[in-house]
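File shown: final-v6.txt. Contents: compact mmCIF, C-alpha atoms.
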```txt
# COMPACT_ATOMS: atom_id res chain seq x y z
CA MET A 1 18.70 -38.01 12.27
CA THR A 2 20.23 -37.89 8.80
CA ASN A 3 19.68 -39.50 5.45
CA PRO A 4 20.88 -39.00 1.89
CA ALA A 5 17.99 -36.72 1.12
CA ASP A 6 19.39 -34.21 3.59
CA SER A 7 22.49 -33.70 1.51
CA SER A 8 23.32 -30.26 0.24
CA SER A 9 25.47 -31.64 -2.59
CA PRO A 10 24.97 -30.39 -6.16
CA ALA A 11 23.10 -33.57 -7.03
CA ALA A 12 20.66 -33.01 -4.23
CA GLN A 13 20.14 -29.42 -5.39
CA SER A 14 19.62 -30.28 -9.08
CA PRO A 15 16.09 -29.80 -10.44
CA ARG A 16 15.52 -33.52 -10.12
CA GLY A 17 16.85 -33.52 -6.56
CA ILE A 18 14.81 -30.49 -5.55
CA PHE A 19 11.52 -32.12 -6.52
CA SER A 20 12.37 -35.65 -5.36
CA LEU A 21 9.79 -37.32 -3.10
CA SER A 22 12.30 -39.62 -1.41
CA TRP A 23 12.19 -37.44 1.71
CA LEU A 24 8.51 -38.25 2.11
CA ALA A 25 9.06 -41.99 1.75
CA GLN A 26 11.85 -41.86 4.36
CA ALA A 27 9.81 -39.89 6.89
CA SER A 28 9.32 -41.34 10.37
CA ALA A 29 5.90 -42.39 11.61
CA PRO A 30 5.45 -39.27 13.81
CA GLU A 31 6.47 -37.05 10.88
CA ARG A 32 3.90 -38.63 8.57
CA GLN A 33 1.18 -38.59 11.22
CA SER A 34 1.72 -34.93 12.03
CA LEU A 35 1.60 -34.04 8.33
CA VAL A 36 -1.61 -35.99 7.76
CA ALA A 37 -3.27 -34.50 10.85
CA GLY A 38 -2.23 -30.92 10.09
CA GLY A 39 -2.97 -31.25 6.38
CA LEU A 40 -6.42 -32.77 6.82
CA GLY A 41 -7.31 -30.25 9.51
CA TRP A 42 -6.27 -27.35 7.26
CA MET A 43 -8.00 -28.87 4.23
CA LEU A 44 -11.31 -29.22 6.03
CA ASP A 45 -10.87 -25.78 7.57
CA ALA A 46 -10.58 -24.39 4.03
CA MET A 47 -13.71 -26.26 3.00
CA ASP A 48 -15.73 -24.75 5.83
CA VAL A 49 -14.42 -21.23 5.23
CA MET A 50 -14.91 -21.34 1.45
CA LEU A 51 -18.51 -22.55 1.65
CA TYR A 52 -19.47 -18.98 2.57
CA SER A 53 -17.82 -17.44 -0.49
CA LEU A 54 -19.31 -20.03 -2.82
CA VAL A 55 -22.89 -19.42 -1.67
CA LEU A 56 -22.38 -15.68 -1.18
CA THR A 57 -24.59 -14.78 -4.15
CA TYR A 58 -27.48 -16.74 -2.56
CA LEU A 59 -26.89 -15.25 0.90
CA ILE A 60 -26.98 -11.73 -0.58
CA ARG A 61 -30.33 -12.54 -2.15
CA ASN A 62 -31.78 -14.38 0.88
CA PHE A 63 -30.80 -11.82 3.54
CA GLY A 64 -31.07 -8.73 1.33
CA MET A 65 -27.41 -7.79 1.90
CA ASP A 66 -25.36 -5.40 -0.21
CA THR A 67 -21.77 -6.21 -1.18
CA ALA A 68 -20.34 -4.12 1.67
CA THR A 69 -22.30 -6.10 4.30
CA ALA A 70 -21.39 -9.40 2.68
CA GLY A 71 -17.74 -8.43 2.72
CA PHE A 72 -17.99 -7.32 6.35
CA LEU A 73 -19.17 -10.78 7.44
CA ASN A 74 -16.07 -12.37 5.97
CA SER A 75 -13.96 -9.62 7.53
CA LEU A 76 -15.51 -10.55 10.87
CA THR A 77 -14.41 -14.17 10.39
CA LEU A 78 -10.85 -13.05 9.68
CA ALA A 79 -10.79 -10.73 12.69
CA ALA A 80 -11.94 -13.62 14.88
CA SER A 81 -9.20 -15.82 13.45
CA ALA A 82 -6.61 -13.38 14.78
CA ILE A 83 -8.04 -13.81 18.27
CA GLY A 84 -8.37 -17.57 17.90
CA GLY A 85 -4.85 -17.97 16.55
CA PHE A 86 -3.28 -16.31 19.55
CA LEU A 87 -5.54 -17.97 22.13
CA PHE A 88 -5.05 -21.45 20.71
CA GLY A 89 -1.32 -20.76 20.42
CA VAL A 90 -1.12 -20.00 24.14
CA VAL A 91 -3.17 -23.12 24.88
CA ALA A 92 -0.91 -25.21 22.60
CA ASP A 93 2.19 -24.05 24.47
CA ARG A 94 0.54 -25.13 27.72
CA ILE A 95 -1.32 -28.38 27.00
CA GLY A 96 0.25 -29.56 23.74
CA ARG A 97 -0.06 -29.21 19.97
CA THR A 98 -2.23 -32.27 19.36
CA ARG A 99 -4.92 -31.57 21.92
CA SER A 100 -5.18 -27.94 20.86
CA LEU A 101 -5.48 -29.03 17.22
CA MET A 102 -8.41 -31.27 18.08
CA LEU A 103 -10.15 -28.48 19.97
CA SER A 104 -9.77 -26.00 17.10
CA ILE A 105 -11.23 -28.49 14.60
CA LEU A 106 -14.27 -29.04 16.81
CA VAL A 107 -14.86 -25.29 17.08
CA TYR A 108 -14.77 -24.49 13.38
CA SER A 109 -16.74 -27.55 12.24
CA LEU A 110 -19.60 -27.03 14.70
CA ALA A 111 -19.72 -23.31 13.93
CA SER A 112 -19.87 -24.01 10.20
CA ALA A 113 -22.86 -26.29 10.61
CA ALA A 114 -24.54 -23.68 12.81
CA CYS A 115 -24.38 -21.17 9.94
CA GLY A 116 -27.04 -23.26 8.24
CA LEU A 117 -29.41 -22.49 11.12
CA SER A 118 -29.13 -18.71 10.68
CA HIS A 119 -32.32 -16.73 10.09
CA ASN A 120 -30.86 -13.23 9.99
CA VAL A 121 -27.58 -11.46 9.38
CA THR A 122 -26.82 -11.12 13.11
CA GLN A 123 -27.04 -14.87 13.70
CA LEU A 124 -24.93 -15.59 10.63
CA ALA A 125 -22.32 -13.08 11.79
CA SER A 126 -22.15 -14.70 15.23
CA PHE A 127 -21.53 -18.16 13.81
CA ARG A 128 -18.95 -16.84 11.32
CA PHE A 129 -17.12 -15.24 14.25
CA LEU A 130 -16.98 -18.56 16.10
CA LEU A 131 -15.78 -20.30 12.95
CA GLY A 132 -12.99 -17.73 12.71
CA LEU A 133 -11.78 -18.60 16.22
CA GLY A 134 -11.33 -22.24 15.25
CA MET A 135 -9.90 -21.33 11.86
CA GLY A 136 -7.11 -19.27 13.41
CA GLY A 137 -6.41 -21.91 16.01
CA GLU A 138 -6.15 -24.74 13.48
CA TRP A 139 -3.35 -23.13 11.47
CA THR A 140 -1.41 -22.18 14.58
CA THR A 141 -1.52 -25.60 16.19
CA ALA A 142 -1.01 -27.58 12.98
CA ALA A 143 1.95 -25.47 11.85
CA ALA A 144 3.63 -25.78 15.26
CA LEU A 145 2.98 -29.54 15.35
CA ILE A 146 4.58 -30.12 11.94
CA ALA A 147 7.44 -27.64 12.40
CA GLU A 148 8.53 -29.28 15.67
CA THR A 149 8.15 -32.83 14.38
CA TRP A 150 9.95 -32.59 11.03
CA ARG A 151 13.70 -32.37 10.42
CA PRO A 152 15.10 -28.99 9.30
CA ALA A 153 16.07 -30.22 5.83
CA HIS A 154 12.46 -31.10 4.99
CA ARG A 155 10.51 -28.71 7.22
CA GLY A 156 9.70 -26.32 4.36
CA LYS A 157 8.40 -29.09 2.12
CA ALA A 158 6.27 -30.60 4.88
CA LEU A 159 4.75 -27.23 5.75
CA GLY A 160 4.24 -26.54 2.06
CA LEU A 161 2.28 -29.76 1.66
CA MET A 162 0.21 -28.87 4.70
CA GLN A 163 -0.56 -25.47 3.21
CA SER A 164 -1.39 -27.01 -0.17
CA ALA A 165 -4.20 -28.95 1.49
CA TYR A 166 -6.06 -25.64 1.74
CA ALA A 167 -6.58 -25.62 -2.03
CA ILE A 168 -7.89 -29.19 -1.92
CA GLY A 169 -10.38 -28.11 0.75
CA GLU A 170 -11.57 -25.26 -1.46
CA ALA A 171 -12.05 -27.69 -4.34
CA ILE A 172 -14.07 -29.98 -2.07
CA ALA A 173 -16.19 -26.98 -1.06
CA ALA A 174 -16.88 -26.22 -4.73
CA LEU A 175 -18.00 -29.81 -5.31
CA VAL A 176 -20.20 -29.73 -2.20
CA VAL A 177 -21.90 -26.58 -3.50
CA LEU A 178 -22.25 -28.00 -7.01
CA PHE A 179 -24.02 -31.17 -5.83
CA VAL A 180 -25.80 -30.05 -2.65
CA LEU A 181 -26.96 -26.50 -3.40
CA PRO A 182 -29.25 -27.20 -6.40
CA HIS A 183 -31.09 -29.99 -4.58
CA PHE A 184 -31.10 -29.00 -0.90
CA GLY A 185 -30.36 -25.27 -0.73
CA TRP A 186 -27.63 -23.20 0.93
CA ARG A 187 -28.48 -24.29 4.48
CA ALA A 188 -27.62 -27.91 3.68
CA VAL A 189 -24.29 -26.75 2.26
CA PHE A 190 -23.32 -25.43 5.69
CA PHE A 191 -24.57 -28.59 7.42
CA VAL A 192 -21.95 -30.57 5.49
CA GLY A 193 -19.38 -28.44 7.34
CA VAL A 194 -19.80 -30.48 10.53
CA LEU A 195 -18.04 -33.52 9.03
CA PRO A 196 -14.48 -32.39 9.95
CA ALA A 197 -15.34 -33.07 13.60
CA LEU A 198 -14.87 -36.78 12.83
CA LEU A 199 -11.16 -36.17 12.17
CA VAL A 200 -10.68 -35.51 15.89
CA LEU A 201 -11.26 -39.20 16.67
CA TRP A 202 -8.34 -40.26 14.46
CA ILE A 203 -6.00 -37.55 15.75
CA ARG A 204 -6.69 -38.55 19.35
CA ARG A 205 -5.70 -42.17 18.66
CA ARG A 206 -2.79 -41.80 16.25
CA VAL A 207 -0.96 -38.46 16.48
CA PRO A 208 1.68 -38.02 19.22
CA GLU A 209 2.94 -34.76 20.66
CA PRO A 210 6.27 -33.53 19.20
CA GLU A 211 9.28 -34.68 21.19
CA LEU A 212 10.47 -31.06 21.39
CA TRP A 213 7.28 -30.04 23.20
CA LEU A 214 7.45 -33.05 25.53
CA GLN A 215 11.04 -32.19 26.44
CA ARG A 216 10.12 -28.59 27.20
CA SER A 217 7.13 -29.74 29.23
CA ARG A 218 9.27 -32.09 31.33
CA SER A 219 11.92 -29.40 31.77
CA SER A 220 9.33 -26.85 32.90
CA ALA A 221 7.84 -29.35 35.35
CA SER A 222 11.24 -30.09 36.91
CA GLN A 223 12.17 -26.41 37.12
CA SER A 224 8.90 -25.51 38.79
CA GLN A 225 9.77 -27.93 41.61
CA SER A 226 13.18 -26.32 42.14
CA PRO A 227 13.35 -23.46 44.68
CA SER A 228 15.93 -21.64 42.55
CA SER A 229 14.08 -22.07 39.26
CA GLN A 230 13.47 -19.09 36.99
CA PRO A 231 9.92 -18.02 36.09
CA PRO A 232 8.62 -19.84 33.02
CA SER A 233 8.85 -18.00 29.74
CA SER A 234 5.80 -16.06 28.63
CA PRO A 235 4.51 -14.39 25.47
CA TRP A 236 6.11 -11.14 26.76
CA LYS A 237 9.38 -12.51 25.41
CA LEU A 238 8.03 -11.41 22.04
CA LEU A 239 8.82 -7.81 23.02
CA ARG A 240 12.58 -8.35 23.30
CA GLY A 241 15.35 -7.50 20.82
CA PRO A 242 15.58 -9.39 17.52
CA VAL A 243 12.46 -11.39 18.33
CA LEU A 244 10.43 -8.17 18.37
CA ARG A 245 12.01 -6.77 15.19
CA ASN A 246 11.60 -9.95 13.17
CA GLY A 247 8.14 -10.54 14.59
CA LEU A 248 6.96 -7.08 13.54
CA LEU A 249 8.42 -7.47 10.05
CA ALA A 250 6.91 -10.92 9.58
CA THR A 251 3.53 -9.72 10.85
CA ALA A 252 3.50 -6.69 8.54
CA MET A 253 4.54 -8.81 5.56
CA ASN A 254 1.87 -11.38 6.37
CA ALA A 255 -0.79 -8.71 6.85
CA CYS A 256 -0.13 -7.23 3.40
CA GLY A 257 -0.01 -10.63 1.73
CA MET A 258 -3.23 -11.70 3.41
CA PHE A 259 -4.91 -8.40 2.56
CA GLY A 260 -4.20 -9.17 -1.06
CA TYR A 261 -5.30 -12.79 -0.75
CA TRP A 262 -8.54 -12.41 1.20
CA GLY A 263 -9.74 -9.38 -0.70
CA LEU A 264 -9.19 -11.20 -3.98
CA PHE A 265 -10.21 -14.79 -3.33
CA THR A 266 -13.20 -14.04 -1.11
CA TRP A 267 -14.75 -12.24 -4.06
CA ILE A 268 -13.58 -14.25 -7.08
CA PRO A 269 -16.56 -16.68 -7.01
CA ALA A 270 -18.98 -13.73 -6.89
CA TYR A 271 -16.86 -11.89 -9.48
CA LEU A 272 -17.35 -14.79 -11.87
CA SER A 273 -21.05 -15.40 -11.15
CA LEU A 274 -22.61 -11.98 -10.50
CA PRO A 275 -24.39 -10.34 -13.48
CA VAL A 276 -22.34 -7.92 -15.56
CA GLU A 277 -24.49 -4.98 -14.45
CA GLN A 278 -23.48 -5.75 -10.83
CA GLY A 279 -19.76 -5.78 -11.65
CA GLY A 280 -19.39 -9.53 -12.28
CA ARG A 281 -18.76 -11.61 -15.37
CA GLY A 282 -22.15 -13.37 -15.50
CA LEU A 283 -20.98 -17.00 -15.63
CA SER A 284 -23.35 -19.86 -14.85
CA LEU A 285 -23.04 -22.02 -11.72
CA VAL A 286 -21.43 -24.85 -13.72
CA LYS A 287 -18.92 -22.51 -15.39
CA THR A 288 -18.15 -20.71 -12.14
CA THR A 289 -17.52 -24.03 -10.40
CA SER A 290 -15.36 -25.30 -13.27
CA PHE A 291 -13.29 -22.11 -13.36
CA PHE A 292 -12.93 -22.20 -9.59
CA LEU A 293 -11.79 -25.83 -9.57
CA LEU A 294 -9.07 -25.01 -12.11
CA LEU A 295 -8.10 -22.03 -9.99
CA THR A 296 -7.79 -24.24 -6.90
CA PHE A 297 -5.43 -26.51 -8.84
CA GLY A 298 -3.21 -23.47 -9.41
CA LYS A 299 -3.36 -22.77 -5.69
CA TRP A 300 -2.41 -26.32 -4.78
CA LEU A 301 0.54 -26.35 -7.16
CA GLY A 302 1.76 -22.99 -5.89
CA TYR A 303 1.54 -24.11 -2.27
CA ALA A 304 3.21 -27.48 -2.82
CA LEU A 305 6.08 -26.30 -5.02
CA PHE A 306 6.93 -23.40 -2.72
CA GLY A 307 8.06 -25.81 -0.03
CA PHE A 308 10.53 -27.45 -2.42
CA PHE A 309 11.92 -24.06 -3.45
CA ALA A 310 12.16 -22.94 0.19
CA ASP A 311 14.23 -25.97 1.24
CA ALA A 312 16.47 -25.70 -1.83
CA ILE A 313 17.21 -21.96 -2.20
CA GLY A 314 15.90 -20.40 1.01
CA ARG A 315 12.68 -18.86 2.29
CA LYS A 316 13.09 -15.25 1.12
CA LYS A 317 13.76 -15.56 -2.62
CA PRO A 318 10.67 -17.57 -3.61
CA TYR A 319 8.51 -15.55 -1.18
CA PHE A 320 9.56 -12.31 -2.87
CA LEU A 321 9.18 -13.64 -6.41
CA TYR A 322 5.74 -15.15 -5.77
CA LEU A 323 4.39 -11.89 -4.34
CA LEU A 324 5.93 -9.71 -7.03
CA THR A 325 4.47 -11.88 -9.79
CA ALA A 326 1.05 -11.85 -8.13
CA ALA A 327 1.15 -8.05 -8.00
CA ALA A 328 1.69 -8.00 -11.76
CA LEU A 329 -0.94 -10.61 -12.65
CA VAL A 330 -3.91 -9.40 -10.57
CA PRO A 331 -4.54 -6.18 -12.62
CA LEU A 332 -4.56 -8.30 -15.80
CA TYR A 333 -7.09 -10.72 -14.33
CA ALA A 334 -9.26 -7.85 -13.11
CA SER A 335 -9.31 -6.21 -16.54
CA VAL A 336 -10.29 -9.09 -18.83
CA HIS A 337 -13.87 -9.92 -19.75
CA ARG A 338 -13.67 -12.90 -22.08
CA PRO A 339 -14.21 -16.25 -20.31
CA LEU A 340 -11.19 -17.76 -22.07
CA TRP A 341 -8.81 -15.22 -20.50
CA LEU A 342 -10.44 -15.66 -17.10
CA LEU A 343 -9.91 -19.40 -17.50
CA LEU A 344 -6.23 -19.05 -18.46
CA LEU A 345 -5.18 -16.34 -16.03
CA GLY A 346 -7.05 -17.70 -13.00
CA PRO A 347 -4.67 -20.60 -12.21
CA LEU A 348 -1.62 -18.34 -12.62
CA VAL A 349 -3.04 -15.72 -10.25
CA ALA A 350 -3.86 -18.50 -7.79
CA PHE A 351 -0.39 -20.08 -8.08
CA PHE A 352 1.49 -16.91 -7.19
CA GLY A 353 -1.22 -15.14 -5.15
CA THR A 354 -1.54 -17.98 -2.65
CA GLY A 355 1.58 -20.17 -2.91
CA PHE A 356 3.71 -17.80 -0.84
CA PHE A 357 1.70 -18.76 2.26
CA SER A 358 3.61 -22.04 2.40
CA GLY A 359 6.73 -20.12 3.41
CA TYR A 360 5.24 -18.28 6.33
CA ALA A 361 4.97 -21.26 8.67
CA ALA A 362 8.63 -22.13 8.07
CA ILE A 363 9.77 -18.52 8.58
CA ALA A 364 7.69 -18.01 11.72
CA SER A 365 8.67 -21.33 13.31
CA GLU A 366 12.36 -20.50 12.75
CA ILE A 367 12.44 -16.91 14.07
CA PHE A 368 10.64 -17.52 17.39
CA PRO A 369 12.06 -19.39 20.44
CA GLY A 370 10.62 -22.78 21.30
CA GLU A 371 8.96 -22.03 24.61
CA ILE A 372 6.64 -19.45 23.01
CA ARG A 373 6.70 -20.76 19.45
CA ALA A 374 3.02 -21.64 19.04
CA ALA A 375 1.79 -18.48 20.78
CA ALA A 376 4.18 -16.30 18.77
CA MET A 377 3.33 -17.98 15.48
CA GLY A 378 -0.36 -17.71 16.24
CA LEU A 379 -0.07 -14.06 17.25
CA SER A 380 2.04 -13.05 14.24
CA TYR A 381 0.09 -14.99 11.65
CA ASN A 382 -3.32 -14.06 12.96
CA ILE A 383 -2.62 -10.41 13.70
CA GLY A 384 -1.71 -10.32 10.03
CA ARG A 385 -4.97 -12.06 9.21
CA GLY A 386 -6.86 -9.77 11.58
CA LEU A 387 -5.44 -6.66 9.91
CA SER A 388 -6.30 -8.15 6.54
CA ALA A 389 -9.89 -8.57 7.71
CA ALA A 390 -10.63 -5.16 6.21
CA ALA A 391 -9.90 -6.51 2.73
CA PRO A 392 -13.22 -8.26 1.89
CA PHE A 393 -15.13 -5.24 3.19
CA ALA A 394 -12.88 -2.81 1.30
CA VAL A 395 -13.33 -4.69 -1.97
CA GLY A 396 -17.08 -4.91 -1.43
CA ALA A 397 -17.31 -1.18 -0.66
CA LEU A 398 -15.22 -0.24 -3.72
CA ALA A 399 -17.26 -2.60 -5.88
CA LYS A 400 -20.43 -0.65 -5.07
CA HIS A 401 -18.98 2.32 -6.96
CA TYR A 402 -16.46 0.91 -9.43
CA GLY A 403 -17.20 -2.81 -9.87
CA LEU A 404 -15.28 -5.83 -8.60
CA GLY A 405 -12.62 -5.79 -11.31
CA PRO A 406 -11.28 -2.29 -10.54
CA ALA A 407 -11.55 -3.02 -6.80
CA PHE A 408 -8.99 -5.83 -7.21
CA PHE A 409 -6.27 -3.29 -8.06
CA LEU A 410 -6.08 -2.62 -4.32
CA GLN A 411 -5.04 -6.23 -3.80
CA ALA A 412 -2.24 -5.92 -6.35
CA ALA A 413 -0.80 -3.02 -4.35
CA ALA A 414 -0.95 -5.10 -1.16
CA PHE A 415 0.97 -7.96 -2.81
CA PHE A 416 3.65 -5.52 -3.98
CA LEU A 417 4.12 -4.05 -0.50
CA ALA A 418 4.36 -7.53 1.02
CA ALA A 419 7.08 -8.40 -1.50
CA LEU A 420 9.16 -5.40 -0.40
CA LEU A 421 8.81 -6.28 3.29
CA THR A 422 10.07 -9.80 2.58
CA LEU A 423 13.51 -8.42 1.74
CA ALA A 424 14.01 -7.13 5.31
CA LEU A 425 13.62 -10.55 6.99
CA PRO A 426 16.58 -12.85 7.82
CA GLU A 427 17.11 -16.07 5.90
CA THR A 428 16.47 -19.06 8.20
CA ARG A 429 16.76 -22.11 5.92
CA GLY A 430 18.25 -25.11 7.72
CA LYS A 431 17.85 -23.72 11.24
CA GLN A 432 17.70 -26.33 14.00
CA LEU A 433 14.73 -25.61 16.27
CA ASP A 434 15.33 -25.35 20.01
```
Write-out of the structure in structure tokens:
Amino acid sequence: MTNPADSSSPAAQSPRGIFSLSWLAQASAPERQSLVAGGLGWMLDAMDVMLYSLVLTYLIRNFGMDTATAGFLNSLTLAASAIGGFLFGVVADRIGRTRSLMLSILVYSLASAACGLSHNVTQLASFRFLLGLGMGGEWTTAAALIAETWRPAHRGKALGLMQSAYAIGEAIAALVVLFVLPHFGWRAVFFVGVLPALLVLWIRRRVPEPELWLQRSRSSASQSQSPSSQPPSSPWKLLRGPVLRNGLLATAMNACGMFGYWGLFTWIPAYLSLPVEQGGRGLSLVKTTSFFLLLTFGKWLGYALFGFFADAIGRKKPYFLYLLTAAALVPLYASVHRPLWLLLLGPLVAFFGTGFFSGYAAIASEIFPGEIRAAAMGLSYNIGRGLSAAAPFAVGALAKHYGLGPAFFLQAAAFFLAALLTLALPETRGKQLD
């Protein structure tokens, strides 16, 4: 399937051509449906996850937690996402991308609502763990669905738009907290998190399985009926040759990038709102929400534009530059005290400190073979997220002694290391998926 937008001519690679939206208008119905399903699922996933960070100050007060315990609960969610990402990836390779996506959305939305029923830290931790399972599964299944549905020339942009929906979900979470929390309390905030379950009804009716997955499913079924057929491929194929090398590199790079991200953005709302004597900046709820909404705009722009860069100049270059710039900006953001500088630097930190994520789905989908793609993507992405689970706890523990600002220097170092690891990966732009 070709069209003029796929051209690699100089005109197509000009600044105007790079950021053209003609590719989106020319997309097929399955391409658009997969993007809407994956994007909405990821957006609402972000909303449910971010609700915790935005009411963290109130949870600390209600349950008598210190910052280390509060950070540990978010670390628990991230550790669970590593498990959920791999499990849902295996399921998606067996029963399909669409059905696995629906199941993951149900898990995280119901678990989010259950957080509002918590009466102690143990109950809250249990529900956050369940939410993490669905959170990891949603990214895995949505990324595989979009990667296998979209053409190579536009795969990076489509995955970038999917990833950008995360920032929109965080903005929605901020608005939910702003309007619900003052009138109904933090429990009602979590109850709103059940709404994503309604998305499953639309996905079931409108979103088809990728043709690539259907072809592999039919091929596996026919081979299983043949006496001379080979055993079906399994996740153990990850341990072979270049697949193992590239998988380890991608996982390490992702772990460092996520360590920087989760340690920083889990704590930024509390960093803005906590009193100065507790290591924060003492902003009001309205100011904190306003600053956070502007920050989420920076995230969205970073996510969305990365996909355009990735399809135009490759995956590695923008990935490296985003991470390197984030490593330089985070210490500046952590050192300023005046609200004006926090307001100006926040969107820039968000642009570079989150936008690189848009490239990971494209890289991972293009370095792993088709028969284990979802499982491999889920394992790689979510092992990285699982290893990064220590970040919120580490920042919280450091903040007890040095304050949140100095604790963020650890995240800058993680971004820098991730940037270096990027250089060792192969360039995969334009690869045709098997």
Counting all atoms listed in the file, give me one row per residue of stretch 153-264 of chain A with an atom at most 9 Å from an atom of stretch 323-344 of chain A, showing the shortest contact pair and its distance in Å to one decimal, sorted by chain then residue number, as a Markdown table.
```
| residue | atom | partner | partner_atom | distance |
| --- | --- | --- | --- | --- |
| A:Gly257 | CA | A:Leu323 | CA | 7.6 |
| A:Gly260 | CA | A:Ala327 | CA | 8.8 |
| A:Leu264 | CA | A:Val330 | CA | 8.6 |
```
(Q) Given all atoms listed in the file as the basis, pick out the residue of A:Asp48, A:Glu170, A:Asp66, A:Asp93 nearest to A:Leu212. (A)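 Nearest to A:Leu212: A:Asp93.
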(Q) Please list as a PyMOL selection string every residue within 10 Å of A:Met162, counting all atoms listed in the file and excluding residues in the same chain fewer than 3 positions away. (A) chain A and resi 34-43+139+142-143+146+156-159+165-166+303-304+307+358+361
So that I have them on file, write out the residues from the current selection with C-alpha atoms, as a CSV table (one decimal), in the coordinates of the input.
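This is the output file result_39.csv:
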```csv
chain,number,residue,atom,x,y,z
A,34,SER,CA,1.7,-34.9,12.0
A,35,LEU,CA,1.6,-34.0,8.3
A,36,VAL,CA,-1.6,-36.0,7.8
A,37,ALA,CA,-3.3,-34.5,10.8
A,38,GLY,CA,-2.2,-30.9,10.1
A,39,GLY,CA,-3.0,-31.2,6.4
A,40,LEU,CA,-6.4,-32.8,6.8
A,41,GLY,CA,-7.3,-30.2,9.5
A,42,TRP,CA,-6.3,-27.4,7.3
A,43,MET,CA,-8.0,-28.9,4.2
A,139,TRP,CA,-3.4,-23.1,11.5
A,142,ALA,CA,-1.0,-27.6,13.0
A,143,ALA,CA,2.0,-25.5,11.8
A,146,ILE,CA,4.6,-30.1,11.9
A,156,GLY,CA,9.7,-26.3,4.4
A,157,LYS,CA,8.4,-29.1,2.1
A,158,ALA,CA,6.3,-30.6,4.9
A,159,LEU,CA,4.8,-27.2,5.8
A,165,ALA,CA,-4.2,-29.0,1.5
A,166,TYR,CA,-6.1,-25.6,1.7
A,303,TYR,CA,1.5,-24.1,-2.3
A,304,ALA,CA,3.2,-27.5,-2.8
A,307,GLY,CA,8.1,-25.8,0.0
A,358,SER,CA,3.6,-22.0,2.4
A,361,ALA,CA,5.0,-21.3,8.7
```
Q: Could you check how far atom CA of A:Ala390 sits from atom CA of A:Leu274, in Å to one decimal?
A: 21.7 Å
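Interatomic distance, atom CA of A:Leu54 to atom CA of A:Ile268: 9.2 Å.
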Q.
Report as a PyMOL selection string all protein, DNA and RNA residues lying within 6 Å of stretch 345-355 of chain A, evaluated on only C-alpha atoms, omitting residues in the same chain fewer than 5 positions from it.
A. chain A and resi 295+298-299+302-303+322+326
Filtering to C-alpha atoms, could you give me those residues as a short mmCIF file (atom, residue, chain, number, x, y, z; two decimals), in the coordinates of the input?
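Written output follows (result07.cif):
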```
data_model
loop_
_atom_site.label_atom_id
_atom_site.label_comp_id
_atom_site.auth_asym_id
_atom_site.auth_seq_id
_atom_site.Cartn_x
_atom_site.Cartn_y
_atom_site.Cartn_z
CA LEU A 295 -8.10 -22.03 -9.99
CA GLY A 298 -3.21 -23.47 -9.41
CA LYS A 299 -3.36 -22.77 -5.69
CA GLY A 302 1.76 -22.99 -5.89
CA TYR A 303 1.54 -24.11 -2.27
CA TYR A 322 5.74 -15.15 -5.77
CA ALA A 326 1.05 -11.85 -8.13
#
```
Q: Using only C-alpha atoms, find the one residue out of A:Leu178, A:Ala255, A:Met102, A:Ala250 that sits nearest to A:Trp202.
A: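 Nearest to A:Trp202: A:Met102.
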Q.
Under the rule that all atoms listed in the file are counted, which of A:Thr296, A:Thr69, A:Gln411, A:Asn382 is the nearest residue to A:Phe259?
A. A:Gln411
Q. In Å, how far is it from atom CA of A:Gly280 to atom CA of A:Leu404?
A.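 Atom CA of A:Leu404 lies 6.6 Å from atom CA of A:Gly280.
Nearest residue to A:Val107, choosing from A:Leu76, A:Asn62, A:Gly193, A:Ile172 and counting all atoms listed in the file: A:Gly193.
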Q.
Here is a test: counting all atoms listed in the file, which residue of A:Leu214, A:Leu272, A:Ile83, A:Ala391 is nearest to A:Thr289?
A.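 Checking each candidate against A:Thr289, we get A:Leu272 as the closest.
When only C-alpha atoms are used to compute distances to A:Leu417, the closest of the residues A:Cys256, A:Leu44, A:Ala92, A:Val177 turns out to be A:Cys256.
Excluding A:Lys316 itself and same-chain residues fewer than 4 positions from it, the residues having an atom within 7 Å of it are Phe320, Thr422, Leu423 and Glu427 of chain A, counting all atoms listed in the file.
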